[in-house]
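Everything below concerns the one structure shown next.
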Amino acid sequence: MDQTHASSPLAGAVHDLATEVVLALRSGDHLATVCGAAGIDEENRTGIAAARVIGADLLLPSVLYGRHPHPGDVAVLDRAVREFPPKPDAPAATAWSHWHMISTLQRFAPPPQGATGPGTAVGTGTAVGTGTTVGTGTTGTYAEPDAAWLENAPWQSFTHQLSVLAPLAVPAAPSAVQRAAADRAVDLARGFVRAVRRRDWLQAAGAGRWLAAIGGEPATLGLERGLDFVELMGGHDPRVTLHVRAARLMAEARAR
């Protein structure tokens, strides 16, 4: 574990996991294990907590390259879902992150016996992306949280919340959060500029990732150059690089 960027074992594990995700995104190597390279397995309590922080981005290379994830990474993410469910009074962003982790696990899970077609939720028979409830064989069902609070949030708060939920900014993963982002692309663009001016590189990277995922940003924004600058200034944090790399891959896919 690289302790040079870590103020605690958990921070170090988050740093290591994010670094390995970035390496996988750069190489496109779908056979490499993110968790194994970071020295984390499903029995590592600190590693499981770090996987909860990284969230569904643990499997982001597989999502963006359309390949099956390493079983060890799936096992760690599944353990994180089971070990750290949101409390009843948890913030909405935490509930959404948990929902998306389950949804992502189901994206790669084989359909239950007797079910047909890809994307069928394990243990529920509900197709991911067509309903509002997701679940796995170990976690049961988990309804899509409410997102009405995003509709009238000030653009500054909206950008902050969306940056926290940047792991939801992936292709073919419809949700109320993604629809809210698409409806408020201009507000996200304003928030991106504000975050850059405030040197909040993580928020800027998250907002930029959303803009790359949904499109619709003003042509005058210069998102590509903006992301280059964000990575240059904030790239010491692998979470920033993760979001920037994800944004570039999605922008490239949209351009094809």
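Identifiers in the structure tokens: chain A, B, ... in order shown; residue index from 1 per chain; ligand index from 1 in order shown.
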
(request) Fewer than 2 positions away in the same chain doesn't count, so skip those; otherwise give me all residues within 7 Å of Glu217 of chain A, counting only C-alpha atoms, as a list in words. (result) Ala185, Val186, Ala189, Leu211, Gly215 and Ala219 of chain A

(request) Could you tell me, as a PyMOL selection string, which residues of segment 158-225 of chain A DSSP assigns to alpha helix (DSSP H) when given the backbone? (result) chain A and resi 158-164+176-183+185-197+201-214+223-225

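Shortest separation to Arg82 of chain A among A:Arg26, A:His243, A:His15, A:His98 occurs at residue A:His98, atoms counted being only C-alpha atoms.
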
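Residue nearest Arg199 of chain A, chosen from A:Val230, A:Val240, A:Val14, A:Val170 and counting only C-alpha atoms: A:Val230.
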
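Atom CA of Gly206 of chain A to atom CA of Val164 of chain A spans 7.1 Å [interatomic distance, one decimal].
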
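Shortest separation to Glu252 of chain A among A:Leu64, A:Ala90, A:Ala147, A:Glu231 occurs at residue A:Leu64, atoms counted being only C-alpha atoms.
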
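Using only C-alpha atoms, the nearest neighbour of Pro171 of chain A within the list A:Ser27, A:Ser62, A:Ser7, A:Thr19 is A:Ser62.
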